[in-house]
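Below: query_39.csv (CSV, C-alpha atoms)
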chain,number,residue,atom,x,y,z
D,1135,MET,CA,3.4,1.1,-1.6
D,1136,LEU,CA,6.8,1.3,-3.1
D,1137,SER,CA,5.9,4.0,-5.6
D,1138,PRO,CA,8.3,6.0,-7.6
D,1139,THR,CA,6.3,9.1,-7.0
D,1140,ARG,CA,6.7,8.9,-3.3
D,1141,HIS,CA,6.7,12.6,-2.7
D,1142,ARG,CA,2.9,12.2,-2.8
D,1143,ASP,CA,3.0,9.3,-0.3
D,1144,ARG,CA,2.4,10.2,3.2
D,1145,PHE,CA,2.4,8.4,6.5
D,1146,VAL,CA,-0.7,9.2,8.4
D,1147,THR,CA,-0.7,8.9,12.1
D,1148,ASP,CA,-4.4,9.0,12.7
D,1149,ARG,CA,-5.6,5.9,14.6
D,1150,ALA,CA,-9.2,6.1,13.4
D,1151,ALA,CA,-8.0,6.4,9.8
D,1152,ALA,CA,-5.9,3.3,10.2
D,1153,HIS,CA,-8.8,1.4,11.7
D,1154,ALA,CA,-11.0,2.5,8.8
D,1155,VAL,CA,-8.6,1.0,6.3
D,1156,LEU,CA,-8.3,-2.2,8.2
D,1157,ASP,CA,-12.1,-2.4,8.4
D,1158,GLU,CA,-12.7,-1.7,4.7
D,1159,ALA,CA,-10.3,-4.3,3.4
D,1160,LEU,CA,-12.0,-7.7,3.0
D,1161,PHE,CA,-8.7,-9.6,3.5
D,1162,CYS,CA,-5.2,-9.1,4.6
D,1163,HIS,CA,-1.7,-10.5,4.0
D,1164,VAL,CA,0.0,-11.9,7.0
D,1165,GLY,CA,3.7,-12.4,7.1
D,1166,VAL,CA,5.7,-14.7,9.4
D,1167,VAL,CA,9.2,-16.0,9.6
D,1168,VAL,CA,9.4,-19.8,9.4
D,1169,ASP,CA,12.9,-21.4,9.5
D,1170,GLY,CA,14.4,-18.1,8.7
D,1171,ARG,CA,12.4,-17.5,5.5
D,1172,PRO,CA,9.5,-15.1,4.9
D,1173,HIS,CA,6.0,-16.5,4.3
D,1174,VAL,CA,3.1,-14.2,3.2
D,1175,LEU,CA,-0.4,-15.6,3.1
D,1176,PRO,CA,-3.7,-14.0,2.2
D,1177,THR,CA,-6.3,-14.5,5.0
D,1178,LEU,CA,-9.3,-13.0,6.6
D,1179,HIS,CA,-9.1,-10.5,9.4
D,1180,ALA,CA,-11.4,-8.6,11.7
D,1181,ARG,CA,-10.8,-5.7,14.0
D,1182,VAL,CA,-12.6,-5.6,17.4
D,1183,ASP,CA,-11.7,-2.3,19.2
D,1184,ASP,CA,-8.0,-2.4,19.5
D,1185,THR,CA,-7.5,-6.0,18.7
D,1186,LEU,CA,-6.8,-7.2,15.2
D,1187,TYR,CA,-7.8,-10.8,14.6
D,1188,VAL,CA,-6.3,-12.9,11.8
D,1189,HIS,CA,-7.9,-16.2,10.7
D,1190,GLY,CA,-5.4,-19.0,10.3
D,1191,SER,CA,-7.1,-22.3,9.8
D,1192,SER,CA,-4.9,-23.8,7.1
D,1193,ALA,CA,-1.6,-22.2,7.9
D,1194,ALA,CA,-0.4,-25.1,10.0
D,1195,ARG,CA,3.2,-24.1,10.2
D,1196,ILE,CA,2.4,-20.6,11.2
D,1197,LEU,CA,0.1,-21.8,14.0
D,1198,ALA,CA,2.6,-24.3,15.2
D,1199,ALA,CA,5.1,-21.5,15.5
D,1200,ALA,CA,2.6,-19.5,17.5
D,1201,ARG,CA,2.0,-22.3,20.0
D,1202,SER,CA,5.3,-21.9,21.7
D,1203,GLY,CA,4.7,-18.2,22.5
D,1204,PRO,CA,4.1,-14.8,21.0
D,1205,LEU,CA,4.7,-14.9,17.2
D,1206,SER,CA,6.3,-11.9,15.4
D,1207,VAL,CA,3.9,-11.1,12.5
D,1208,CYS,CA,3.4,-8.4,9.9
D,1209,VAL,CA,-0.2,-7.9,8.9
D,1210,THR,CA,-0.6,-5.7,5.8
D,1211,VAL,CA,-3.8,-4.5,4.2
D,1212,SER,CA,-3.9,-2.6,0.9
D,1213,LEU,CA,-6.7,-0.9,-0.9
D,1214,LEU,CA,-6.2,0.1,-4.5
D,1215,ASP,CA,-7.9,3.4,-5.4
D,1216,GLY,CA,-6.5,4.3,-8.9
D,1217,LEU,CA,-3.9,4.0,-11.6
D,1218,VAL,CA,-1.8,7.1,-11.9
D,1219,ILE,CA,-0.9,7.8,-15.5
D,1220,ALA,CA,2.1,10.1,-16.0
D,1221,ARG,CA,3.8,11.6,-19.0
D,1222,SER,CA,7.0,9.6,-18.2
D,1223,ALA,CA,7.2,5.9,-17.5
D,1224,PHE,CA,9.1,6.7,-14.3
D,1225,HIS,CA,6.3,8.7,-12.7
D,1226,HIS,CA,3.5,6.1,-13.3
D,1227,SER,CA,2.1,5.0,-9.9
D,1228,LEU,CA,-0.9,3.8,-8.0
D,1229,ASN,CA,-3.2,5.6,-5.6
D,1230,TYR,CA,-3.8,3.4,-2.6
D,1231,ARG,CA,-4.3,3.2,1.1
D,1232,SER,CA,-2.3,0.7,3.1
D,1233,VAL,CA,-1.8,-0.3,6.7
D,1234,VAL,CA,1.2,-2.2,7.9
D,1235,VAL,CA,1.0,-3.7,11.4
D,1236,HIS,CA,4.2,-5.1,13.0
D,1237,GLY,CA,3.6,-6.8,16.3
D,1238,ASP,CA,3.5,-10.0,18.4
D,1239,ALA,CA,0.5,-12.3,17.8
D,1240,ARG,CA,-1.0,-14.5,20.5
D,1241,LEU,CA,-2.9,-17.7,19.7
D,1242,VAL,CA,-6.5,-17.2,20.8
D,1243,THR,CA,-7.6,-20.2,22.8
D,1244,ASP,CA,-10.7,-18.9,24.5
D,1245,ALA,CA,-13.9,-20.2,22.8
D,1246,ALA,CA,-15.9,-17.1,23.6
D,1247,GLU,CA,-13.2,-14.9,22.1
D,1248,LYS,CA,-13.0,-17.1,19.0
D,1249,SER,CA,-16.8,-16.9,18.7
D,1250,ARG,CA,-16.7,-13.1,18.9
D,1251,MET,CA,-14.0,-13.0,16.2
D,1252,LEU,CA,-15.9,-15.3,13.9
D,1253,GLY,CA,-19.0,-13.1,14.4
D,1254,ALA,CA,-17.0,-9.9,13.5
D,1255,LEU,CA,-15.6,-11.7,10.5
D,1256,VAL,CA,-19.1,-12.7,9.2
D,1257,ASP,CA,-20.5,-9.3,9.9
D,1258,ARG,CA,-18.0,-7.8,7.5
D,1259,VAL,CA,-19.6,-9.7,4.7
D,1260,GLY,CA,-23.0,-8.3,5.4
D,1261,THR,CA,-24.2,-6.1,8.3
D,1262,GLU,CA,-25.6,-8.3,11.1
D,1263,ARG,CA,-25.1,-11.5,9.0
D,1264,SER,CA,-23.7,-13.2,12.1
D,1265,ALA,CA,-27.2,-13.0,13.6
D,1266,GLN,CA,-28.7,-14.4,10.4
D,1267,CYS,CA,-26.8,-17.7,10.2
D,1268,ARG,CA,-26.1,-20.6,12.5
D,1269,PRO,CA,-23.6,-19.7,15.2
D,1270,PRO,CA,-20.5,-21.8,15.6
D,1271,THR,CA,-20.6,-25.0,17.6
D,1272,ALA,CA,-17.9,-25.9,20.2
D,1273,LYS,CA,-16.4,-28.3,17.7
D,1274,GLU,CA,-16.2,-25.7,15.0
D,1275,LEU,CA,-14.6,-23.2,17.4
D,1276,ALA,CA,-12.0,-25.8,18.3
D,1277,ALA,CA,-11.2,-26.2,14.6
D,1278,THR,CA,-10.9,-22.5,14.1
D,1279,SER,CA,-7.5,-21.0,14.6
D,1280,VAL,CA,-7.2,-17.3,15.4
D,1281,LEU,CA,-4.2,-15.1,16.0
D,1282,ALA,CA,-4.7,-11.7,17.8
D,1283,VAL,CA,-2.5,-8.6,17.7
D,1284,ASP,CA,-3.0,-5.8,20.2
D,1285,LEU,CA,-3.0,-2.7,18.1
D,1286,ALA,CA,-2.6,-0.5,21.1
D,1287,ALA,CA,0.4,-2.4,22.6
D,1288,GLU,CA,3.7,-0.5,22.9
D,1289,THR,CA,5.4,-3.3,21.0
D,1290,THR,CA,3.0,-2.9,18.0
D,1291,ASP,CA,3.7,-0.5,15.2
D,1292,VAL,CA,0.7,0.6,13.0
D,1293,ALA,CA,1.7,2.5,9.8
D,1294,LEU,CA,-0.9,4.0,7.5
D,1295,LYS,CA,0.3,5.1,4.2
D,1296,VAL,CA,-1.8,6.9,1.5
D,1297,ARG,CA,-1.2,8.2,-2.0
D,1298,THR,CA,-3.9,10.3,-3.6
D,1299,GLY,CA,-4.1,12.8,-6.4
D,1300,GLY,CA,-2.8,13.0,-9.9
D,1301,PRO,CA,0.6,12.3,-11.4
D,1302,ILE,CA,3.6,14.4,-10.4
D,1303,ASP,CA,5.3,15.0,-13.8
D,1304,ASP,CA,8.6,16.7,-14.4
D,1305,GLU,CA,8.1,20.3,-15.6
D,1306,ALA,CA,9.9,19.5,-18.8
D,1307,ASP,CA,7.4,16.7,-19.6
D,1308,LEU,CA,4.2,18.7,-19.3
D,1309,GLU,CA,4.0,19.7,-22.9
D,1310,LEU,CA,4.8,16.3,-24.4
D,1311,GLY,CA,1.2,15.8,-25.4
D,1312,HIS,CA,0.7,12.5,-23.6
D,1313,TRP,CA,-2.5,12.1,-21.7
D,1314,ALA,CA,-2.0,12.1,-17.9
D,1315,GLY,CA,-4.3,11.6,-15.1
D,1316,VAL,CA,-5.9,9.0,-12.9
D,1317,VAL,CA,-8.0,6.0,-13.7
D,1318,PRO,CA,-10.0,5.4,-10.5
D,1319,VAL,CA,-10.6,1.7,-9.6
D,1320,ARG,CA,-12.8,0.2,-7.0
D,1321,LEU,CA,-14.1,-3.1,-5.9
D,1322,VAL,CA,-17.8,-3.6,-6.7
D,1323,ALA,CA,-20.2,-6.3,-5.8
D,1324,GLY,CA,-22.3,-8.1,-8.5
D,1325,SER,CA,-25.7,-9.7,-8.2
D,1326,PRO,CA,-25.8,-12.3,-5.5
D,1327,GLU,CA,-25.8,-15.9,-6.9
D,1328,PRO,CA,-28.0,-18.2,-4.8
D,1329,ALA,CA,-26.4,-21.6,-3.8
D,1330,CYS,CA,-27.5,-24.5,-6.0
D,1331,ASP,CA,-28.7,-26.4,-2.9
D,1332,LEU,CA,-31.1,-23.8,-1.7
D,1333,PRO,CA,-34.0,-26.2,-1.0
D,1334,ILE,CA,-36.7,-23.5,-0.7
D,1335,PRO,CA,-36.8,-20.0,-2.2
D,1336,THR,CA,-35.1,-18.0,0.6
D,1337,GLY,CA,-35.2,-14.3,0.7
D,1338,LEU,CA,-31.9,-12.4,0.6
D,1339,ALA,CA,-31.3,-10.7,3.9
D,1340,PRO,CA,-31.5,-6.9,3.6
D,1341,SER,CA,-27.9,-6.6,4.7
D,1342,LEU,CA,-26.7,-8.5,1.7
D,1343,ARG,CA,-28.7,-6.5,-0.9
T,112,MET,CA,-6.5,-18.0,1.6
T,113,LEU,CA,-6.9,-19.4,5.0
T,114,SER,CA,-10.5,-20.3,4.5
T,115,PRO,CA,-12.6,-22.5,6.8
T,116,THR,CA,-14.1,-24.2,3.7
T,117,ARG,CA,-10.8,-25.4,2.5
T,118,HIS,CA,-12.2,-28.6,1.0
T,119,ARG,CA,-13.0,-26.3,-1.9
T,120,ASP,CA,-9.5,-24.9,-2.0
T,121,ARG,CA,-7.2,-26.5,-4.4
T,122,PHE,CA,-3.6,-26.2,-5.4
T,123,VAL,CA,-3.3,-25.8,-9.1
T,124,THR,CA,0.0,-26.8,-10.7
T,125,ASP,CA,-0.6,-25.2,-14.1
T,126,ARG,CA,2.3,-22.8,-14.9
T,127,ALA,CA,0.2,-20.7,-17.4
T,128,ALA,CA,-2.6,-20.4,-14.9
T,129,ALA,CA,-0.2,-19.1,-12.2
T,130,HIS,CA,1.3,-16.6,-14.7
T,131,ALA,CA,-2.2,-15.4,-15.6
T,132,VAL,CA,-2.9,-14.6,-11.9
T,133,LEU,CA,0.4,-12.8,-11.5
T,134,ASP,CA,-0.4,-10.8,-14.7
T,135,GLU,CA,-3.9,-9.9,-13.7
T,136,ALA,CA,-3.0,-8.5,-10.2
T,137,LEU,CA,-2.1,-4.9,-10.3
T,138,PHE,CA,0.1,-5.1,-7.3
T,139,CYS,CA,1.6,-7.7,-5.0
T,140,HIS,CA,2.8,-8.1,-1.4
T,141,VAL,CA,6.4,-8.9,-0.9
T,142,GLY,CA,7.7,-10.4,2.3
T,143,VAL,CA,11.2,-10.3,3.6
T,144,VAL,CA,13.0,-11.0,6.8
T,145,VAL,CA,14.8,-8.1,8.3
T,146,ASP,CA,16.6,-8.6,11.7
T,147,GLY,CA,14.6,-11.8,12.2
T,148,ARG,CA,11.3,-10.1,11.8
T,149,PRO,CA,8.8,-10.4,8.9
T,150,HIS,CA,8.1,-7.3,6.7
T,151,VAL,CA,5.2,-7.3,4.2
T,152,LEU,CA,4.9,-4.4,1.8
T,153,PRO,CA,2.6,-3.8,-1.1
T,154,THR,CA,4.4,-3.0,-4.3
T,155,LEU,CA,4.2,-3.1,-8.1
T,156,HIS,CA,5.3,-6.2,-10.0
T,157,ALA,CA,5.6,-7.3,-13.6
T,158,ARG,CA,6.3,-10.7,-15.1
T,159,VAL,CA,8.5,-11.0,-18.2
T,160,ASP,CA,8.6,-14.6,-19.4
T,161,ASP,CA,9.8,-16.6,-16.4
T,162,THR,CA,11.1,-13.6,-14.4
T,163,LEU,CA,9.0,-11.9,-11.8
T,164,TYR,CA,10.2,-8.3,-11.2
T,165,VAL,CA,9.3,-6.5,-8.0
T,166,HIS,CA,9.6,-2.7,-7.7
T,167,GLY,CA,11.3,-1.6,-4.5
T,168,SER,CA,12.2,2.1,-4.6
T,169,SER,CA,11.2,3.1,-1.1
T,170,ALA,CA,11.9,-0.2,0.7
T,171,ALA,CA,15.4,0.9,1.7
T,172,ARG,CA,16.0,-1.8,4.3
T,173,ILE,CA,14.8,-4.5,2.0
T,174,LEU,CA,17.1,-3.3,-0.8
T,175,ALA,CA,20.1,-3.0,1.6
T,176,ALA,CA,19.6,-6.6,2.5
T,177,ALA,CA,19.6,-7.6,-1.1
T,178,ARG,CA,22.9,-5.8,-1.8
T,179,SER,CA,24.9,-8.5,0.0
T,180,GLY,CA,23.6,-11.4,-2.1
T,181,PRO,CA,20.4,-13.2,-3.0
T,182,LEU,CA,17.5,-12.3,-0.7
T,183,SER,CA,15.0,-14.8,0.4
T,184,VAL,CA,11.6,-13.3,-0.5
T,185,CYS,CA,7.9,-14.4,-0.6
T,186,VAL,CA,5.9,-12.6,-3.3
T,187,THR,CA,2.1,-13.1,-2.9
T,188,VAL,CA,-0.6,-12.0,-5.3
T,189,SER,CA,-4.3,-12.3,-4.4
T,190,LEU,CA,-7.4,-11.7,-6.5
T,191,LEU,CA,-10.7,-11.6,-4.7
T,192,ASP,CA,-13.6,-13.0,-6.7
T,193,GLY,CA,-16.5,-13.3,-4.3
T,194,LEU,CA,-18.0,-13.4,-0.8
T,195,VAL,CA,-19.2,-16.9,0.1
T,196,ILE,CA,-22.3,-16.7,2.2
T,197,ALA,CA,-23.1,-20.0,4.1
T,198,ARG,CA,-25.9,-21.0,6.4
T,199,SER,CA,-23.4,-21.3,9.3
T,200,ALA,CA,-20.9,-18.6,10.4
T,201,PHE,CA,-18.2,-21.3,10.2
T,202,HIS,CA,-18.6,-22.0,6.5
T,203,HIS,CA,-18.5,-18.3,5.3
T,204,SER,CA,-15.5,-17.9,3.0
T,205,LEU,CA,-14.1,-16.0,0.1
T,206,ASN,CA,-13.6,-17.0,-3.5
T,207,TYR,CA,-10.2,-16.0,-4.7
T,208,ARG,CA,-7.1,-16.8,-6.8
T,209,SER,CA,-3.7,-16.5,-5.2
T,210,VAL,CA,-0.1,-17.2,-6.1
T,211,VAL,CA,2.6,-17.5,-3.5
T,212,VAL,CA,6.2,-17.3,-4.8
T,213,HIS,CA,9.0,-18.4,-2.5
T,214,GLY,CA,12.5,-17.8,-3.9
T,215,ASP,CA,15.7,-15.9,-3.9
T,216,ALA,CA,15.6,-12.5,-5.4
T,217,ARG,CA,18.6,-10.8,-7.0
T,218,LEU,CA,19.0,-7.0,-7.2
T,219,VAL,CA,18.8,-5.9,-10.8
T,220,THR,CA,21.7,-3.6,-11.7
T,221,ASP,CA,21.7,-3.6,-15.5
T,222,ALA,CA,20.0,-0.5,-16.9
T,223,ALA,CA,18.6,-2.2,-19.9
T,224,GLU,CA,16.9,-4.8,-17.8
T,225,LYS,CA,15.5,-2.2,-15.5
T,226,SER,CA,14.2,-0.3,-18.5
T,227,ARG,CA,12.5,-3.5,-19.8
T,228,MET,CA,10.9,-4.0,-16.3
T,229,LEU,CA,9.7,-0.5,-16.1
T,230,GLY,CA,8.2,-0.8,-19.6
T,231,ALA,CA,6.4,-4.0,-18.6
T,232,LEU,CA,5.1,-2.3,-15.5
T,233,VAL,CA,3.7,0.6,-17.4
T,234,ASP,CA,2.2,-1.6,-20.1
T,235,ARG,CA,0.1,-3.3,-17.4
T,236,VAL,CA,-1.7,0.1,-16.7
T,237,GLY,CA,-2.7,0.3,-20.4
T,238,THR,CA,-1.7,-1.7,-23.4
T,239,GLU,CA,1.4,-0.2,-25.1
T,240,ARG,CA,1.3,2.7,-22.7
T,241,SER,CA,5.1,2.4,-22.4
T,242,ALA,CA,5.3,3.5,-26.0
T,243,GLN,CA,3.0,6.5,-25.3
T,244,CYS,CA,5.0,8.2,-22.6
T,245,ARG,CA,8.6,9.4,-22.1
T,246,PRO,CA,11.0,6.5,-21.6
T,247,PRO,CA,13.2,6.5,-18.5
T,248,THR,CA,16.4,8.5,-18.4
T,249,ALA,CA,19.7,7.0,-17.2
T,250,LYS,CA,19.3,9.0,-13.9
T,251,GLU,CA,15.7,7.6,-13.4
T,252,LEU,CA,16.9,4.1,-14.0
T,253,ALA,CA,19.6,4.6,-11.5
T,254,ALA,CA,17.0,5.7,-9.0
T,255,THR,CA,14.8,2.7,-9.7
T,256,SER,CA,15.3,-0.4,-7.5
T,257,VAL,CA,14.2,-3.7,-8.9
T,258,LEU,CA,14.3,-7.2,-7.5
T,259,ALA,CA,14.0,-10.2,-9.8
T,260,VAL,CA,12.9,-13.8,-9.0
T,261,ASP,CA,13.5,-16.5,-11.5
T,262,LEU,CA,10.1,-18.4,-11.5
T,263,ALA,CA,11.6,-21.4,-13.3
T,264,ALA,CA,14.6,-21.8,-10.9
T,265,GLU,CA,14.7,-25.1,-9.0
T,266,THR,CA,15.0,-23.1,-5.7
T,267,THR,CA,11.7,-21.2,-6.5
T,268,ASP,CA,8.4,-22.5,-5.4
T,269,VAL,CA,5.2,-21.2,-7.2
T,270,ALA,CA,1.9,-22.1,-5.6
T,271,LEU,CA,-1.4,-21.3,-7.2
T,272,LYS,CA,-4.4,-21.7,-5.0
T,273,VAL,CA,-8.0,-21.2,-6.1
T,274,ARG,CA,-11.4,-21.3,-4.4
T,275,THR,CA,-14.5,-21.2,-6.6
T,276,GLY,CA,-18.1,-22.1,-6.3
T,277,GLY,CA,-20.8,-21.7,-3.7
T,278,PRO,CA,-20.8,-22.4,0.1
T,279,ILE,CA,-20.3,-25.9,1.4
T,280,ASP,CA,-22.9,-26.2,4.1
T,281,ASP,CA,-23.4,-29.0,6.5
T,282,GLU,CA,-26.3,-31.3,5.5
T,283,ALA,CA,-28.2,-30.4,8.7
T,284,ASP,CA,-28.0,-26.7,8.0
T,285,LEU,CA,-29.6,-26.8,4.5
T,286,GLU,CA,-33.1,-26.3,5.7
T,287,LEU,CA,-32.4,-23.5,8.2
T,288,GLY,CA,-34.0,-20.9,5.9
T,289,HIS,CA,-30.9,-18.6,5.7
T,290,TRP,CA,-30.0,-17.3,2.3
T,291,ALA,CA,-26.8,-18.9,1.0
T,292,GLY,CA,-24.7,-18.2,-2.1
T,293,VAL,CA,-22.0,-16.1,-3.5
T,294,VAL,CA,-21.8,-12.3,-3.9
T,295,PRO,CA,-19.3,-11.9,-6.8
T,296,VAL,CA,-16.9,-8.9,-6.5
T,297,ARG,CA,-14.6,-7.5,-9.0
T,298,LEU,CA,-12.3,-4.5,-9.5
T,299,VAL,CA,-13.7,-2.0,-12.0
T,300,ALA,CA,-12.2,1.1,-13.6
T,301,GLY,CA,-14.1,4.4,-13.4
T,302,SER,CA,-13.9,7.3,-15.9
T,303,PRO,CA,-10.3,8.6,-16.3
T,304,GLU,CA,-9.7,11.9,-14.5
T,305,PRO,CA,-7.4,14.2,-16.5
T,306,ALA,CA,-4.5,15.7,-14.6
T,307,CYS,CA,-5.1,19.3,-13.5
T,308,ASP,CA,-1.9,20.4,-15.3
T,309,LEU,CA,-2.8,19.1,-18.7
T,310,PRO,CA,-1.8,22.3,-20.6
T,311,ILE,CA,-3.6,21.4,-23.8
T,312,PRO,CA,-6.6,19.1,-24.4
T,313,THR,CA,-4.8,15.8,-25.0
T,314,GLY,CA,-6.7,12.8,-26.3
T,315,LEU,CA,-6.9,9.7,-24.1
T,316,ALA,CA,-4.8,6.9,-25.6
T,317,PRO,CA,-7.0,4.1,-27.0
T,318,SER,CA,-5.3,1.7,-24.7
T,319,LEU,CA,-6.6,3.6,-21.6
T,320,ARG,CA,-10.3,3.9,-22.7

Take the structure I supplied and represent it as structure tokens, if you would.
Amino acid sequence: MLSPTRHRDRFVTDRAAAHAVLDEALFCHVGVVVDGRPHVLPTLHARVDDTLYVHGSSAARILAAARSGPLSVCVTVSLLDGLVIARSAFHHSLNYRSVVVHGDARLVTDAAEKSRMLGALVDRVGTERSAQCRPPTAKELAATSVLAVDLAAETTDVALKVRTGGPIDDEADLELGHWAGVVPVRLVAGSPEPACDLPIPTGLAPSLR
Amino acid sequence: MLSPTRHRDRFVTDRAAAHAVLDEALFCHVGVVVDGRPHVLPTLHARVDDTLYVHGSSAARILAAARSGPLSVCVTVSLLDGLVIARSAFHHSLNYRSVVVHGDARLVTDAAEKSRMLGALVDRVGTERSAQCRPPTAKELAATSVLAVDLAAETTDVALKVRTGGPIDDEADLELGHWAGVVPVRLVAGSPEPACDLPIPTGLAPSLR
């Protein structure tokens, strides 16, 4: 995060912590260069051990670029944790956790690997959901485009950055009388809304409750 | 969003709707090309009329690139609205609203314009917060790096994409007995946490409640 209060920002080099942020985020932003220009698209991702899979079904140009060999990508995941309210405009900031992955992506062509990736993707929506729905057919797998980045490769750079805590105000501003602090924010799930075409009353799987 | 159920995705060409998504998102992801490789960083943004401002204080390499002339950027904002649970693994998806802006960014050098941008940024945290904190000094403005993209320029492309509604299941899957529907998600604010260095009990501004 490009935060003005960057003295509170820190790069964390813990592999497990980076994986935890990748796993908590429900989607990522993938960046590629096409014709010399940057493209940043939101998409779904799933981590399986040290492989980061990125779903790319409708990003036709990105995938075309990947067909001719490894594609240089930047996959970024950001979790917002709070609004940091300072006494000065300058020191307002956000609390967040972000992971930026720079690496070469390969196009996944193996159907079994694609199927594992799709299962991991679906399991992030609800624990074991992939076992509680119809598995993909060969045709569906052929229509699914997946990029993979090896997080453990020497050519891959994984940067975790975290900002936590309250505002860092200038000493002289402390007695200005303005409120200062953090407004925590988080993503919450509402009540599940059944599909209109549910033909029979179907119980909600425990994993989705 | 690169969603498998892209028949529900639609590109919306409404300018006001695109602005509303840019304004609702608390942060964006900015993509640039540095040395031929993609870089995607989360950062703060604010829209003032048809100008999209992007904060870039710690992205030294990005800003260095912008100093030599207009910089090709991709600014993407994504709001997650729901998890789409289908009967098949393949048709799982997300409901979302995203705006992808492709354009040339200029480095803002005028102090008054930087100050307006910082005010707009702070006002997004709480209505009129910029009037309830210390305004930036000349030194702080000099230390603040801002990129600007003209949303109305002919060379700028603004794409709004929205997915709403329930899962689109295959006819044959409807009677499988799996629950299907949408789990809505939203970002909510918790109780404000006062800074530990608040020297006197200071009332929370009405705009932050």

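Taking atom CA of Phe138 of chain T and atom CA of His156 of chain T as endpoints, the distance between them is 6.0 Å.
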
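Minimum atom-to-atom distances from T:Ser241, T:Ser256, T:Thr154, T:Thr266 to Ser1212 of chain D were compared using only C-alpha atoms, and the lowest value belongs to T:Thr154.
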
Which residue, D:Ala1306, D:Ala1198, D:Ala1293, D:Val1317, has the smallest gap to chain T when you use all atoms listed in the file? D:Val1317

Select all residues near (-9.6, -1.9, 1.0) (cut-off 8 Å, inclusive, file coordinates), counting all atoms listed in the file, and output them as a PDB file with C-alpha atoms, in the frame of the given file.
ATOM      1  CA  VAL D1155      -8.600   1.000   6.300  1.00  0.00           C
ATOM      2  CA  LEU D1156      -8.300  -2.200   8.200  1.00  0.00           C
ATOM      3  CA  ASP D1157     -12.100  -2.400   8.400  1.00  0.00           C
ATOM      4  CA  GLU D1158     -12.700  -1.700   4.700  1.00  0.00           C
ATOM      5  CA  ALA D1159     -10.300  -4.300   3.400  1.00  0.00           C
ATOM      6  CA  LEU D1160     -12.000  -7.700   3.000  1.00  0.00           C
ATOM      7  CA  VAL D1211      -3.800  -4.500   4.200  1.00  0.00           C
ATOM      8  CA  SER D1212      -3.900  -2.600   0.900  1.00  0.00           C
ATOM      9  CA  LEU D1213      -6.700  -0.900  -0.900  1.00  0.00           C
ATOM     10  CA  LEU D1214      -6.200   0.100  -4.500  1.00  0.00           C
ATOM     11  CA  ARG D1231      -4.300   3.200   1.100  1.00  0.00           C
TER      12      ARG D1231
END

With chain D as the partner and 6 Å as the cut-off, tabulate the residues of chain T that qualify, each row holding the nearest pair of atoms and their distance in Å to one decimal, using all atoms listed in the file, sorted by chain and rising number, as CSV.
residue,atom,partner,partner_atom,distance
T:Met112,CA,D:Thr1177,CA,4.9
T:Leu113,CA,D:Thr1177,CA,4.9
T:Gly142,CA,D:Pro1172,CA,5.7
T:Val143,CA,D:Pro1172,CA,5.3
T:Val144,CA,D:Pro1172,CA,5.7
T:Pro149,CA,D:Val1166,CA,5.3
T:His150,CA,D:Cys1208,CA,5.8
T:Pro153,CA,D:Met1135,CA,5.0
T:Thr154,CA,D:Met1135,CA,5.0
T:Gly167,CA,D:Leu1136,CA,5.5
T:Ser168,CA,D:Leu1136,CA,5.7
T:Ser169,CA,D:Leu1136,CA,5.2
T:Cys185,CA,D:His1173,CA,5.7
T:Arg198,CA,D:Cys1267,CA,5.1
T:Ser199,CA,D:Arg1268,CA,4.2
T:Ala200,CA,D:Pro1269,CA,5.6
T:Phe201,CA,D:Pro1270,CA,5.9
T:Cys244,CA,D:Ser1222,CA,5.0
T:Arg245,CA,D:Ser1222,CA,4.2
T:Pro246,CA,D:Ala1223,CA,5.6
T:Pro247,CA,D:Phe1224,CA,5.9
T:Gly277,CA,D:Ala1329,CA,5.6
T:Trp290,CA,D:Thr1336,CA,5.4
T:Ala291,CA,D:Ala1329,CA,5.5
T:Gly292,CA,D:Ala1329,CA,4.2
T:Val293,CA,D:Glu1327,CA,5.1
T:Val294,CA,D:Pro1326,CA,4.3
T:Pro295,CA,D:Gly1324,CA,5.1
T:Val296,CA,D:Ala1323,CA,4.3
T:Arg297,CA,D:Leu1321,CA,5.4
T:Leu298,CA,D:Leu1321,CA,4.3
T:Val299,CA,D:Val1319,CA,5.4
T:Ala300,CA,D:Val1319,CA,4.3
T:Gly301,CA,D:Pro1318,CA,5.1
T:Pro303,CA,D:Val1317,CA,4.3
T:Glu304,CA,D:Val1316,CA,5.0
T:Pro305,CA,D:Gly1315,CA,4.3
T:Ala306,CA,D:Gly1315,CA,4.1
T:Thr313,CA,D:Trp1313,CA,5.5
T:Leu315,CA,D:Trp1313,CA,5.6

Neighbouring residues of Ala1254 of chain D were defined as those with any atom within 8 Å, considering only C-alpha atoms; residues of the same chain fewer than 3 positions away were excluded. Please report them as number ranges by chain. D: 1180-1182, 1250-1251, 1257-1258, 1264

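Take atom CA of Thr1290 of chain D and atom CA of Ala176 of chain T: the distance between them is 23.0 Å.
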
Atom CA of Lys272 of chain T and atom CA of Ala129 of chain T are how many Å apart? 8.7 Å
